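Input: a single structure, listed below in structure tokens.
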Amino acid sequence: MGDTKEEPKSISAYGPARSTVKGAPLSKDQIEKYNDFFKASLYLSLGMIYLRENPLLKVPLKKEHLKARLLGHFGSAPGQIFTWMHFNRLITKYDLDSIYISGPGHGAPAVLSQAYLEGTYSEVYPVTSEDEEGMQKFFKQFSFPGGIGSHATPETPGSIHEGGELGYSISHAFGAVFDHPNLIALTMVGDGEAETGPLATSWHSTKFLNPITDGAVLPVLHLNGYKINNPTVLARISHKELENLFLGYGYQPYFVEGDDVESMHQAMAATLEHCVVEIRKFQKQARDSGKAFRPMWPVVILRTPKGWTGPRKIDDKYLEGFWRAHQVPITDVHTNPEHLKLLEKWMRSYEPERLFVNGKIGPELKALCPTGNARMSANPVGNGGIIRKPLKMPDFRNYAIHVEKSASTMDASMSNMALFLRDIMAQNPTNFRLFGPDETESNKLANVYRAGKKAWMGEYFEEDEDGGNLAMEGRVMEILSEHTCEGWLEGYILSGRHGLLNSYEPFIHVIDSMVNQHCKWLEKCLEVEWRARVASLNILLTAVVWRQDHNGFTHQDPGFLDVVANKSPDVVRIYLPPDGNCLLSCMDHCLRSTNYVNVIVADKQEHLQYLTMDEAVIHCTKGIGIWPQFCTDAGEEPDLVMAACGDIPTHEALAAVDLLLQHFPELKIRFVNVVDLFKLISHVDHSHGLTDEEWISIFTNDKPIIFNFHSYPWLVHRLTYKRPGSHNLHVRGYKEKGNIDTPLELAIRNQTDRFSLAMDAIDRMPNLHNRGSAAREVLLNDQIKARNEAFETGIDPPFLNQWKWPHTGLWKQTVTKLTS
């Protein structure tokens with residue numbers, strides 16, 4: 001520890017250490033050991049990039065010893081290693097519970113080198129043992145076919161953050177420390193990463209961090225000055241501007257800058273210790289008093305050269321401290337003998353023959369590492385499934401909506417489901433959180449506030465008491481950044497807890513790529529046998545495309561389903577419950593599941609209810625089914641299959657069946673509803689998919705199918721192109737037509753309304769011949785009238801928007817005819 005003084009003005013990465021915190025906590029002997037540990041780590045990092053054989057350079061380096069393709073990134077490794085190893089001292093001294101999150105892209109050499117030196121890597125992968133043979137395999141596997149990637153991938157012990165796409169390290173870190181009161185997430189933020197929108201917003205996470213119930217994030221902003229080929233913004237502004245930026249964010253910045261290794265050891269050791277002591281002081285103050293507050297949490301700003309300790313120049317061109325050190329530092333070692341010698345000289349400067357005895361560091365260096373689960377590479381939080389506890393779940397059947405007659409009861413599915421979430425939150429006060437971008441109230445989920453209000457560590461006003469629902473100990477996490485909400489949720493579940501993200505359907509696209517990255521993480525985890533299963537990432541989409549009466553065209557986009565459907569069938573599920581009881585059943589299933597991204601789509605307004613709870617459980621268990629109460633084909637060949645997927649499409653499809661029966665009461669119509677979208681895919685391609693025999697039993701292979709779909713119609717065609725009789729499938733869905741529309745008028749624009757569906761059915765049934773002409777004309781006239789009335793009055797005709805199923809026992813009449 002040490003005193004703090006005014007930081008220097010220089011923004012150069014070179015020179016003796018310049019630091020805000022002054023002190024010399026390390027003895028000369030300790031500095032020598034840390035320097036040796038630093039060298040060993042750097043040697044491993046270069047070895048991963050370059051070497052396939054001769055891991056300890058026991059013989060002169062030849063190009064035959066090199067990998068044929070040189071892949072990997074060295075630039076950020078020195079600074080990351082430097083931070084990790086100095087934090088290890090504090091883990092041991094203060095008995096810390098810590099994880100490390102590597103934000104810079106392709107930062108794996110730093111993380112992997114530490115896992116190897118700590119012994120964790122050899123424990124989970126015995127083939128990469130701590131000896132010469134194991135080191136050779138450790139080097140060869142890096143960025144090599146059949147090996148591991150250059151990010152902190154799921155194969156990396158202790159990692160919960162890959163860093164493939166940049167910008168999520170801070171939000172992941174905060175997600176991990178929520179409800180982990182003793183955890184410190186040491187988080188390395190690359191200065192390139194810091195230029196992303198998600199990262200910039202995630203600094204505000206301290207406004208939601210409760211020092212009583214939550215842990216702490218210690219961010220280290222790594223200013224190594226360059227991205228792939230460009231300076232970084234934050235490395236090229238003045239000290240004062242950078243300091244003011246972080247003071248404005250609500251952090252106390254501490255600078256550590258320079259390239260002189262010995263003085264940098266002292267500066268980093270003193271600074272990190274000061275930060276740890278500050279964190280513990282804030283937590284003790286809040287916990288002893290029982291009064292939460294928002295302190296100025298520390299942030300370390302570490303400025304070192306990119307590719308630190310490498311050659312400053314090669315052939316009179318800058319390397320260390322410049323963008324050329326970003327990836328493979330010397331690229332032409334296969335063809336340039338002089339550069340091969342230069343590489344060998346550089347690698348030998350780290351003294352591998354002295355530091356690695358038969359491939360293993362000596363006991364004095366090993367003693368610098370914590371032991372057991374205290375190692376950041378072995379912390380159970382980094383494999384959160386190990387510490388995951390199942391949610392305590394009330395019986396969802398107790399929240400059933402009473403359905404006396406199918407399609408005759410209107411009720412609020414979402415508000416009712418919120419009661420279920422309320423009680424889950426109440427029964428899991430430290431294990432479940434609800435996340436969303438300022439939409440909990442709008443999405444009709446406000447009932448959850450009775451169990452947990454919105455977390456808020458900012459200032460409070462008197463009017464907040466009037467429905468603000470704010471609390472420092474809140475369980476609902478709201479910030480108007482889908483990126484930050486998603487990042488928090490990912491960090492929360494990857495570290496062993498459970499959660500749900502709710503969002504408006506059109507703007508979930510903001511996190512398309514984040515969900516994509518999480519899907520890839522989960523898929524890789526399935527291939528890593530030591531990775532325990534984590535709770536599923538559950539996304540509830542509402543404020544759907546078909547109910548944007550006042551928001552208009554900008555709020556009409558159901559295409560997130562296409563994004564999710566592209567992912568591996570091993571890790572994604574999509575559910576479109578048609579009513580409130582199905583919504584409850586789906587939500588219960590998703591919250592109990594593990595290792596999936598579950599997407600549930602349900603509108604938040606009142607809707608017709610179709611199934612009793614018992615019927616809903618059966619229907620959701622099947623995922624797809626014929627609804628006999630709306631069918632007239634029992635025991636006979638249908639003339640038409642009318643199918644629907646989604647709550648509003650189901651309503652319109654049933655109304656279309658009603659219109660057809662009014663004009664053609666003798667028609668044999670089969671009604672099918674789809675809850676689990678992946679039932680449509682062949683069972684060959686998806687474990688949930690129907691066999692072709694099951695498909696034919698539901699849809700037939702020779703009858704016209706009118707399929708009313710919630711999202712873009714092409715998705716259903718894509719999923720079903722292999723199916724028998726797929727040429728009979730005619731899908732209606734959103735076709736990118738919209739404005740400030742009434743619900744029915746928007747459906748008419750996209751041909752998903754009852755009139756369009758009924759007319760389409762008439763056109764597709766050859767047995768009607770020309771008998772359907774009159775009915776078709778009536779339907780078209782009624783459609784035009786309804787649209788005109790919407791334009792005139794601003795609302796749909798009541799007899800249409802208040803439509804209920806008018807028929808009784810149609811299937812029974814069919815059966816009577818068959819048996820009479």
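Please note that chains go A, B, ... in the order of the structure tokens, that every chain numbers its residues from 1, and that ligands are numbered from 1 in the order shown.
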Need the shell around region 145-162 of chain A: protein/DNA/RNA residues with any atom at most 6 Å away, counting only C-alpha atoms. Skip same-chain ones fewer than 2 positions apart. Format as a PyMOL selection string? chain A and resi 72+106-108+141-143+164+377-378+382+525
Excluding same-chain residues fewer than 4 positions from Lys28 (chain A), what lies within 12 Å of it counting only C-alpha atoms, as a ChimeraX atom specification? /A:24,32-35,262-263,265-266
Name the closest residue to Ala367 (chain A) among the candidates A:Ala176, A:Met85, A:Leu667, A:Ile49; distances are taken between atoms, counting only C-alpha atoms. A:Met85
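Here the residues within region 329-393 of chain A that DSSP labels strand (DSSP E or B) on the basis of the backbone are A:Phe356, A:Val357, A:Lys360, A:Ile361.
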Counting only C-alpha atoms, which residues of region 202-283 of chain A fall within 10 Å of region 482-491 of chain A, and what is the closest atom pair for each with its distance in Å at one decimal, ordered by chain and rising number, as a Markdown table?
| residue | atom | partner | partner_atom | distance |
| --- | --- | --- | --- | --- |
| A:Ser202 | CA | A:Thr484 | CA | 5.7 |
| A:Trp203 | CA | A:Thr484 | CA | 9.4 |
| A:His204 | CA | A:Thr484 | CA | 9.2 |
| A:Ser205 | CA | A:Thr484 | CA | 8.2 |
Can you write just those residues out, all heavy atoms, as a tab-separated table (two decimals), in the first residue's frame?
chain	number	residue	atom	x	y	z
A	202	SER	N	-21.50	0.20	-20.17
A	202	SER	CA	-21.42	-0.72	-19.02
A	202	SER	C	-20.66	-0.15	-17.84
A	202	SER	O	-20.76	-0.66	-16.73
A	202	SER	CB	-20.80	-2.04	-19.46
A	202	SER	OG	-19.44	-1.88	-19.85
A	203	TRP	N	-19.88	0.94	-18.06
A	203	TRP	CA	-19.23	1.57	-16.90
A	203	TRP	C	-20.26	2.02	-15.87
A	203	TRP	O	-19.95	2.15	-14.68
A	203	TRP	CB	-18.41	2.78	-17.35
A	203	TRP	CG	-17.17	2.48	-18.15
A	203	TRP	CD1	-16.94	2.82	-19.45
A	203	TRP	CD2	-15.98	1.81	-17.71
A	203	TRP	NE1	-15.69	2.40	-19.85
A	203	TRP	CE2	-15.08	1.78	-18.80
A	203	TRP	CE3	-15.60	1.22	-16.50
A	203	TRP	CZ2	-13.81	1.19	-18.71
A	203	TRP	CZ3	-14.34	0.63	-16.41
A	203	TRP	CH2	-13.47	0.61	-17.50
A	204	HIS	N	-21.50	2.27	-16.32
A	204	HIS	CA	-22.53	2.75	-15.39
A	204	HIS	C	-23.06	1.65	-14.47
A	204	HIS	O	-23.94	1.90	-13.64
A	204	HIS	CB	-23.70	3.34	-16.18
A	204	HIS	CG	-23.39	4.63	-16.87
A	204	HIS	ND1	-23.05	5.78	-16.19
A	204	HIS	CD2	-23.34	4.95	-18.18
A	204	HIS	CE1	-22.81	6.75	-17.04
A	204	HIS	NE2	-22.99	6.28	-18.27
A	205	SER	N	-22.53	0.44	-14.60
A	205	SER	CA	-23.03	-0.67	-13.78
A	205	SER	C	-22.86	-0.43	-12.29
A	205	SER	O	-23.57	-1.02	-11.47
A	205	SER	CB	-22.32	-1.97	-14.18
A	205	SER	OG	-22.57	-2.31	-15.52
So which one's closest to Gln605 (chain A), A:Pro558, A:Gly250, A:Pro743, A:Gly499? Using only C-alpha atoms, please. A:Pro743
Please report the interatomic distance between CA of Val220 (chain A) and CA of Glu351 (chain A) in Å with one decimal. 28.6 Å
